[in-house]
Structures are given as structure tokens and as C-alpha cells.
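Asker: Please see the structure below; I have some questions.
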Amino acid sequence: MNNIINVNELTHDYGHGRGVFEVSFNVGDGETLGFLGPNGAGKSTTMRHLMGFSKPQSGKVEINGLNCTKEHNKIMQSVGYLPGEVSLPEGLNGYQFIKMMQDMKKSKNDDRVRYLLDKFELDPSGSVKRMSIGEKRKLAVVTAFMNDPDILLLDEPTSGLDPIMQETFIDFIKEEKQRGKSILLSSHIFSEVEALCDRIAIIKDGRLISSVDAAQIKHGLHNIMTVEFDDPKDFADFGRSELDFKLRDRSTLKCAVVVDDEDINKFISVIRKFKIKAFSEHSVTLEEYFMHFYKNDRSFGGVSYA
Amino acid sequence: MLSIPLLKQSMKSNAVMWGSMTGVMTLLCVQFSMLDMTRSLLFTIFYGMMTTILPGIYVLVTSNKLLASQVDRGSMAYVLSTPVKRSSVTFTQSFFLVNSLVLMFAIQTGAHLLVNHSKPVSMATLGYTMLSGDLTSKMILQVNLSALMVCIALAGVCFMFSGVFSSSKYTIGLSGAFVGVSILANMLAMFGNLGVNGLDKFKYLTVCSFYDYRSVLFANNDWIEKMIYPAVIAVVAFGLGQIVFKKKDLPL
């Protein structure tokens, strides 16, 4: 697969531990890469380097094989960028802004603009200043997609949109994905990432700490079974079986066991020998998988994922 | 190099400031050159102060809006998410700044030429009793050319700050200090010229000293030579602003 976006050992130290350090990843042709990480982890900083706003202190950042700093203007012919913060130019109304961006991108496609305006239910006739955050965001979405770019850099694209619009947006990106667009999507919203991304890269404190196949996570990495007993003897016997215990609480007679999908039958054959008071099961979702990166400890569910 | 859509946007977002400064300057010029009460002060007050103060305020505010404020607010991200080079952005913005000044002076000069044509003023009325004859159209053009050059130098320095800093507060602060000191020192130096002892030393503190309307009135060519310095300042400052803006990291 051809690499469209190529980030290689990108380092930019802003001091005080902020910045990005030796970040490497790539986005293939037609691929969608989810970029996850807590606030201040370096997601937007990486985007900024891809957009050519900042120059890497060391390392290489390329789109379509072109250097993002030096050949920024060539790259932008095929990139649609949605900034994390919307702050539109002064003194324009929505239409004027769209018109200006059309002129600057040298692409006039009014049908596409109308399609996007309809899709996101936006009336751009008012002054940009008086628009709500959501409306401004929609306007930014329309201008980012109106020249139908092949590469999409989306920095927390749905922040500020209402839940219905978030859904509309996700559907829209799904369409774009099917049309073969290469997408880098930074986000906090798990449903969004789960629905859209082929691969997920996780960044924390400026370092890429994990890169996983989304399909792998979607099928559930692990299940956590919580079993509660009436009889302390059962509890003690169960505790001696060869299972991966996450928790054994003598006072409530509760156990939690981590079970991989392939070990389900083994687990059931053990558990059927006991008299059980209560039983519950839940799978590790992407959200939980991600949440443990927010926190400092590396172990989660008794298993280290990192 | 010039980005027409960006130029249009700059024109739109700076139209009010430009319009009001041009309006005030033109009106003042017409008033000073038409009314008998104020005619004698045409050079002392209008050409001595207003032709640097009003454009000075304009370039101070506008140069900040052209680059630094857009970086500060983040709206520069939209401009730079299009296939436009940074150098093209700075070129367009400095093109706008310089030409808006040229147009400002052109309108004011045009108005003065019209008034002066219908109601000529003698040099004696203007306070130059040693000179004979009337104020000519040629003199008006030359005085304004000299003033324009100094204003372009002011614009260059403000634009440089706007290109160097990514935050409005530094751009406005330093440009404000520069323009403020230039104008104030110019006024103090003018009092020195009018006979207040010692104040004439202030002329060494301001770029406005290169604007020399007396030399025009006395028909010597000092003012032409003096235009070289502000021209050099403008070229260097605009150049520095462009280079730094092209190279620096933008916090967008």
C-alpha cells in the first residue's frame, strides 16, 4: 500500500515536556487512521506539522512524498483540513467566506457546496461573528470538503456539533472513506473512532505509545466476568482454579476474572461446578482500552496492553 | 505572487478603518486649505502633523490585522490551508498596506489640488513671508510624496513587527511605541523649529524628519535625498517581516 501521509521520527520540543518526540506513523492510500490521546498529548501539534505551520526540529513529515514545510502550497491542493479550533476571518458573512475559500482554493464547485450545506443543514447568510460554535464548525466543514480533496486532516472534527450532526458527520466521512479518501482523524470520541478508523494510533505526552488494528479492538479484546458466591467454601475453591483473576474479595465473596474469547469454554467448564449467586460479564470496549492511556498506570484489567 | 482573493478579503476587513482615516484626512485638508481662519496653519498643523498622525494610526492598526492578529486568532489557518504560499500571503498583505496608503494620499492630494486650483493660497499667507508667489500644484504633489514615503517606512516597521510576532499584544505594543515616539518626537522637533530652544534635537529621534515640506517650499532638493532613507527603511523592514513570517513556526 502506498503511503500518503508519512511521519518519520517527528520531534519538536516546546520545553516543559511539551511537544512531540520521535513520532512515527503513516497513513496508506484509502486508509483511515484514528489519532487518539488525552488533551495536550501532541495530536494537534502533529497536525500542525502536517499542515506546514510548524517546522520539525528533527525528523520528516511528508504528504504524497512532498515535504510538508517546503512544499506546503502544492500539498494543499489535495488536502482538506478541519482545524481543532474554529476562528474564521473577520468581516465576512458565511457566503463571502465560502466564496473567498473557493477563490483561494481555485476550485468552484457550487453543486458540491449546496450538497454540503444541505447535508449539514447550514444557512451561511448571517455574519460569521454571530454564528454559534456549531454553525462555525459546520461552515469550516463545508469549506474543508467543498473542493473534494483526496486527503483529509481532521482535528477533533465533531467538537461543537450536536449529537445528530455528529452522526451526520460520521456518515459523511464513511461515504468519503468509501470514495477512497485517505484520512487522519484525531478525536476523543470513541464511537466516532470505532465507526470510522481502520487503525488507531495512541499518543501520550508527545510519544506514540500504541498502534493497533481497529478490527482487533472492535471484536473485544478481553471479557471480564464477575462472579459472586453465597458459600465461602465455593469462593475459596473457585479462587484456587487456574484462571486469570483480577479481583478476589473475601468480604463480598466476589471474583473478577479476565477471559479471552478463546478461553470462554474453559471458563464455563470451571464455573459450572459451583453454586453462583450472581454473574455478570462485560467486554473491554475501545473506550476502556483508551481510558487506561488517560490514566498513568499501564496495567488495565490485569493485563498490560502497552 | 499576489493572491487576489486574499487581497479582496484584506480590503473588506480594513475598509472601515481606511475609509475613516482617508475621510478625516481629506476633510481636514480641505478645511485647512479653504477657510481663511485656518489657511495660515495649513503647513504647521495639517502637513506638519496630520499627514503622519492619521496614516500612522492607520498603519498601526492595519498592519497588526494583516498578519499577527490573524495568527493570534487562528484564522490564518484557513488562509494557509489553501494552495497559497506564505510568501504570497505576506506579499499580498504588504502590497495591500502600501497601496492603501498610496490611495489614501492620492485622494487627499487630489482634494487639495482641486481646492488650491479654485482658491490659490499665497506663500505669505502660509507664513513664509520671504517667499513670493502662490502654493503650486507641483509643491502639493511633492510635499505629499515626501510624506507618503515616510508613512510607508512607518508601515514597513509595523508590518515587520506583525510578521515577526505571533501575538497581537507584542505587535501592537511595539508598533504603537514606534509610531507614537516617531509622531511625538516629530511634533516636539516642530516646536523646536518654531523657536523653542533645544526641542529641535528631537528630530534625530524620528523617521518623520525625513519628511521635509520646508525643503519643497523653498524649492531645494533636500526632500528628494531625504526620501532615500525611509525608502531603505521600508524595503528592509518589509523584507524582514516577510522573511521571518515565512520561516517561523505559526501557533495555529
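Residue numbers start at 1 in each chain; chains themselves are named A, B, ... in the order of the C-alpha cells; ligands are numbered from 1 in the order shown.
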Counting only C-alpha atoms, what is within 10 Å of Ser132 in chain B, bar same-chain residues fewer than 4 positions away, as a list in words?

Answerer: Ser122, Met123, Ala124 and Tyr128 of chain B

Asker: Using the chain letters and numbers from this document, which residues of range 5-153 of chain B does DSSP assign to helix (DSSP H, G or I), as a ChimeraX atom specification?

Answerer: /B:5-34,36-39,42-66,68-73,76-79,86-118,137-153

Asker: Go ahead and write the selection's residues with C-alpha atoms as a compact mmCIF listing (two decimals), in the first residue's frame.

Answerer:
# COMPACT_ATOMS: atom_id res chain seq x y z
CA PRO B 5 -8.91 36.57 -3.11
CA LEU B 6 -6.76 37.38 -0.09
CA LEU B 7 -6.36 40.95 -1.28
CA LYS B 8 -10.13 41.24 -1.55
CA GLN B 9 -10.55 39.92 1.97
CA SER B 10 -7.99 42.39 3.30
CA MET B 11 -9.79 45.21 1.52
CA LYS B 12 -13.10 44.17 3.01
CA SER B 13 -11.90 43.75 6.55
CA ASN B 14 -9.89 47.01 6.59
CA ALA B 15 -12.29 49.16 4.58
CA VAL B 16 -13.81 50.93 7.56
CA MET B 17 -10.52 51.96 9.13
CA TRP B 18 -9.08 53.02 5.79
CA GLY B 19 -12.25 54.90 4.82
CA SER B 20 -12.48 56.85 8.04
CA MET B 21 -8.81 57.83 8.10
CA THR B 22 -8.90 58.86 4.45
CA GLY B 23 -12.11 60.77 5.06
CA VAL B 24 -10.80 62.62 8.10
CA MET B 25 -7.51 63.43 6.41
CA THR B 26 -9.19 64.70 3.25
CA LEU B 27 -11.74 66.75 5.17
CA LEU B 28 -9.07 68.33 7.36
CA CYS B 29 -7.01 69.12 4.29
CA VAL B 30 -9.94 70.76 2.55
CA GLN B 31 -10.82 72.69 5.69
CA PHE B 32 -7.27 73.92 6.34
CA SER B 33 -6.74 74.96 2.74
CA MET B 34 -10.14 76.60 2.24
CA ASP B 36 -9.35 81.85 5.85
CA MET B 37 -9.08 81.27 9.57
CA THR B 38 -7.01 78.12 9.22
CA ARG B 39 -5.15 78.63 5.97
CA LEU B 42 -2.04 74.52 6.64
CA PHE B 43 1.59 73.55 6.86
CA THR B 44 2.21 73.81 10.58
CA ILE B 45 -0.77 71.75 11.63
CA PHE B 46 -2.03 69.78 8.67
CA TYR B 47 1.12 68.94 6.75
CA GLY B 48 3.22 69.15 9.90
CA MET B 49 1.23 66.69 11.97
CA MET B 50 -1.89 65.24 10.41
CA THR B 51 -0.17 63.64 7.41
CA THR B 52 1.87 61.49 9.78
CA ILE B 53 -0.57 61.04 12.69
CA LEU B 54 -3.58 59.81 10.73
CA PRO B 55 -1.72 57.41 8.41
CA GLY B 56 0.35 56.40 11.45
CA ILE B 57 -2.73 55.26 13.33
CA TYR B 58 -3.97 53.52 10.21
CA VAL B 59 -0.78 51.52 9.63
CA LEU B 60 -0.50 50.68 13.33
CA VAL B 61 -3.93 49.07 13.44
CA THR B 62 -3.96 47.64 9.94
CA SER B 63 -0.53 46.04 9.86
CA ASN B 64 -1.42 44.13 13.01
CA LYS B 65 -4.66 42.93 11.45
CA LEU B 66 -2.93 41.81 8.27
CA ALA B 68 -0.21 38.97 13.65
CA SER B 69 -3.83 39.23 14.69
CA GLN B 70 -4.85 36.55 12.19
CA VAL B 71 -2.17 34.26 13.56
CA ASP B 72 -3.15 35.16 17.11
CA ARG B 73 -6.85 34.46 16.49
CA MET B 76 -4.65 32.36 9.35
CA ALA B 77 -5.10 28.58 9.42
CA TYR B 78 -7.85 28.86 6.81
CA VAL B 79 -5.76 31.03 4.56
CA ARG B 86 3.34 32.02 2.89
CA SER B 87 5.48 34.36 0.85
CA SER B 88 2.46 35.07 -1.30
CA VAL B 89 0.43 35.89 1.82
CA THR B 90 3.00 38.38 3.10
CA PHE B 91 3.50 39.86 -0.34
CA THR B 92 -0.23 40.36 -0.79
CA GLN B 93 -0.63 41.90 2.64
CA SER B 94 2.29 44.30 2.23
CA PHE B 95 1.05 45.14 -1.27
CA PHE B 96 -2.31 45.99 0.26
CA LEU B 97 -0.78 48.06 3.06
CA VAL B 98 1.45 50.14 0.78
CA ASN B 99 -1.18 50.67 -1.88
CA SER B 100 -3.90 51.58 0.57
CA LEU B 101 -1.55 54.31 1.83
CA VAL B 102 -0.83 55.44 -1.72
CA LEU B 103 -4.56 55.65 -2.39
CA MET B 104 -5.16 57.48 0.89
CA PHE B 105 -2.61 60.14 -0.07
CA ALA B 106 -3.84 60.23 -3.66
CA ILE B 107 -7.36 61.08 -2.54
CA GLN B 108 -6.21 63.69 -0.06
CA THR B 109 -3.77 65.20 -2.57
CA GLY B 110 -6.45 65.24 -5.25
CA ALA B 111 -8.78 67.12 -2.94
CA HIS B 112 -6.08 69.61 -2.06
CA LEU B 113 -5.20 70.16 -5.71
CA LEU B 114 -8.84 70.91 -6.52
CA VAL B 115 -9.21 73.34 -3.64
CA ASN B 116 -5.89 75.00 -4.36
CA HIS B 117 -6.83 75.34 -8.02
CA SER B 118 -10.05 77.18 -7.29
CA SER B 137 0.24 72.09 -7.61
CA LYS B 138 3.77 70.80 -8.05
CA MET B 139 4.62 71.70 -4.45
CA ILE B 140 1.50 69.96 -3.18
CA LEU B 141 2.42 66.81 -5.07
CA GLN B 142 5.99 66.91 -3.81
CA VAL B 143 5.04 67.50 -0.18
CA ASN B 144 2.63 64.59 -0.26
CA LEU B 145 5.15 62.35 -1.95
CA SER B 146 7.63 63.12 0.80
CA ALA B 147 5.00 62.45 3.49
CA LEU B 148 3.88 59.24 1.78
CA MET B 149 7.41 57.87 1.74
CA VAL B 150 7.77 58.39 5.48
CA CYS B 151 4.38 56.77 6.09
CA ILE B 152 5.46 53.77 4.01
CA ALA B 153 8.52 53.48 6.25

Asker: May I have a table of the residues of chain A lying at most 10 Å from chain B, giving each one's closest pair of atoms and their distance in Å to one decimal, counting only C-alpha atoms, ordered by chain and ascending residue number, as a tab-separated table?

Answerer:
residue	atom	partner	partner_atom	distance
A:Ser44	CA	B:Leu252	CA	9.2
A:Thr45	CA	B:Pro251	CA	9.0
A:Arg48	CA	B:Leu252	CA	7.1
A:His49	CA	B:Asp249	CA	9.3
A:Met51	CA	B:Ser81	CA	7.2
A:Gly52	CA	B:Asp249	CA	8.6
A:Phe53	CA	B:Leu250	CA	5.1
A:Ser54	CA	B:Asp249	CA	4.3
A:Lys55	CA	B:Asp249	CA	6.2
A:Pro56	CA	B:Asp249	CA	9.4
A:Thr69	CA	B:Lys247	CA	9.3
A:Lys70	CA	B:Lys85	CA	9.5
A:Glu71	CA	B:Lys85	CA	8.6
A:His72	CA	B:Lys85	CA	7.2
A:Asn73	CA	B:Pro83	CA	4.2
A:Lys74	CA	B:Pro83	CA	6.1
A:Ile75	CA	B:Pro83	CA	7.3
A:Met76	CA	B:Pro83	CA	4.8
A:Gln77	CA	B:Pro83	CA	5.4
A:Ser78	CA	B:Pro83	CA	8.8
A:Val79	CA	B:Ser81	CA	7.8
A:Gly80	CA	B:Ser81	CA	7.5
A:Tyr81	CA	B:Ser81	CA	6.4
A:Leu82	CA	B:Tyr78	CA	8.8
A:Pro83	CA	B:Ala77	CA	7.4
A:Gly84	CA	B:Leu252	CA	9.3
A:Glu85	CA	B:Gly74	CA	7.7
A:Val86	CA	B:Gly74	CA	7.7
A:Ser87	CA	B:Ser75	CA	5.1
A:Leu88	CA	B:Ser75	CA	5.0
A:Pro89	CA	B:Ser75	CA	5.2
A:Glu90	CA	B:Ser13	CA	6.3
A:Gly91	CA	B:Ser13	CA	5.1
A:Leu92	CA	B:Ser13	CA	7.7
A:Gln96	CA	B:Gln9	CA	9.1
A:Phe97	CA	B:Gln9	CA	9.0
A:Lys99	CA	B:Pro5	CA	8.8
A:Met100	CA	B:Pro5	CA	5.9
A:Met101	CA	B:Thr82	CA	7.7
A:Gln102	CA	B:Pro5	CA	8.9
A:Asp103	CA	B:Pro5	CA	5.8
A:Met104	CA	B:Pro5	CA	5.9
A:Lys105	CA	B:Thr82	CA	5.3
A:Lys106	CA	B:Pro83	CA	8.5
A:Ala140	CA	B:Tyr78	CA	8.7
A:Thr143	CA	B:Tyr78	CA	9.1
A:Ala144	CA	B:Ser81	CA	8.6

Asker: Name all residues at most 12 Å from range 199-204 of chain B (count only C-alpha atoms; drop same-chain ones fewer than 3 positions away) and give them as a list in words.

Answerer: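 These residues fall inside the cut-off: Val181, Ser182, Ile183, Leu184, Ala185, Asn186, Met187, Leu188, Ala189, Met190, Phe191, Gly192, Asn193, Leu194, Gly195, Val196, Val207, Cys208, Ser209, Phe210, Tyr211 and Asp212 of chain B.
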
Asker: Generate a file of the selected residues that holds N, CA and C atoms, formatted as an mmCIF file, in the first residue's frame.

Answerer:
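Ended up saving to part_15.cif:
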data_model
loop_
_atom_site.group_PDB
_atom_site.id
_atom_site.type_symbol
_atom_site.label_atom_id
_atom_site.label_comp_id
_atom_site.auth_asym_id
_atom_site.auth_seq_id
_atom_site.Cartn_x
_atom_site.Cartn_y
_atom_site.Cartn_z
ATOM 1 N N VAL B 181 6.328 57.271 19.312
ATOM 2 C CA VAL B 181 7.564 58.031 19.513
ATOM 3 C C VAL B 181 7.890 58.847 18.266
ATOM 4 N N SER B 182 7.718 58.231 17.093
ATOM 5 C CA SER B 182 8.010 58.939 15.846
ATOM 6 C C SER B 182 7.173 60.205 15.734
ATOM 7 N N ILE B 183 5.882 60.062 16.009
ATOM 8 C CA ILE B 183 4.982 61.207 15.842
ATOM 9 C C ILE B 183 5.233 62.268 16.906
ATOM 10 N N LEU B 184 5.378 61.817 18.150
ATOM 11 C CA LEU B 184 5.589 62.779 19.241
ATOM 12 C C LEU B 184 6.903 63.541 19.068
ATOM 13 N N ALA B 185 7.948 62.802 18.747
ATOM 14 C CA ALA B 185 9.247 63.451 18.558
ATOM 15 C C ALA B 185 9.175 64.439 17.398
ATOM 16 N N ASN B 186 8.418 64.066 16.388
ATOM 17 C CA ASN B 186 8.250 64.954 15.238
ATOM 18 C C ASN B 186 7.572 66.254 15.659
ATOM 19 N N MET B 187 6.549 66.116 16.517
ATOM 20 C CA MET B 187 5.844 67.318 16.970
ATOM 21 C C MET B 187 6.755 68.197 17.823
ATOM 22 N N LEU B 188 7.493 67.556 18.722
ATOM 23 C CA LEU B 188 8.411 68.317 19.579
ATOM 24 C C LEU B 188 9.472 69.009 18.730
ATOM 25 N N ALA B 189 9.988 68.291 17.737
ATOM 26 C CA ALA B 189 11.005 68.874 16.862
ATOM 27 C C ALA B 189 10.426 70.071 16.121
ATOM 28 N N MET B 190 9.131 69.957 15.798
ATOM 29 C CA MET B 190 8.482 71.058 15.093
ATOM 30 C C MET B 190 8.438 72.312 15.960
ATOM 31 N N PHE B 191 8.143 72.119 17.251
ATOM 32 C CA PHE B 191 8.184 73.264 18.167
ATOM 33 C C PHE B 191 9.594 73.852 18.218
ATOM 34 N N GLY B 192 10.570 72.956 18.129
ATOM 35 C CA GLY B 192 11.946 73.412 18.069
ATOM 36 C C GLY B 192 12.163 74.326 16.867
ATOM 37 N N ASN B 193 11.617 73.905 15.739
ATOM 38 C CA ASN B 193 11.717 74.706 14.520
ATOM 39 C C ASN B 193 11.037 76.052 14.675
ATOM 40 N N LEU B 194 9.963 76.053 15.457
ATOM 41 C CA LEU B 194 9.201 77.287 15.636
ATOM 42 C C LEU B 194 9.864 78.203 16.652
ATOM 43 N N GLY B 195 10.991 77.772 17.224
ATOM 44 C CA GLY B 195 11.728 78.676 18.071
ATOM 45 C C GLY B 195 11.909 78.256 19.509
ATOM 46 N N VAL B 196 11.336 77.106 19.913
ATOM 47 C CA VAL B 196 11.556 76.657 21.282
ATOM 48 C C VAL B 196 12.943 76.014 21.353
ATOM 49 N N VAL B 207 11.699 59.073 12.415
ATOM 50 C CA VAL B 207 11.786 58.829 10.981
ATOM 51 C C VAL B 207 11.038 59.924 10.215
ATOM 52 N N CYS B 208 10.149 60.624 10.926
ATOM 53 C CA CYS B 208 9.355 61.679 10.274
ATOM 54 C C CYS B 208 10.232 62.855 9.824
ATOM 55 N N SER B 209 11.449 62.942 10.369
ATOM 56 C CA SER B 209 12.335 64.038 9.962
ATOM 57 C C SER B 209 12.738 63.942 8.495
ATOM 58 N N PHE B 210 12.567 62.748 7.933
ATOM 59 C CA PHE B 210 12.910 62.596 6.510
ATOM 60 C C PHE B 210 11.828 63.183 5.609
ATOM 61 N N TYR B 211 10.734 63.551 6.256
ATOM 62 C CA TYR B 211 9.652 64.199 5.521
ATOM 63 C C TYR B 211 9.874 65.691 5.696
ATOM 64 N N ASP B 212 10.229 66.357 4.600
ATOM 65 C CA ASP B 212 10.718 67.731 4.703
ATOM 66 C C ASP B 212 9.929 68.647 3.773
#

Asker: Which distance in Å separates CA of Asp29 in chain A and CA of Ile151 in chain A, to one decimal?

Answerer: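 Answer for the CA of Asp29 in chain A to CA of Ile151 in chain A separation: 9.0 Å.
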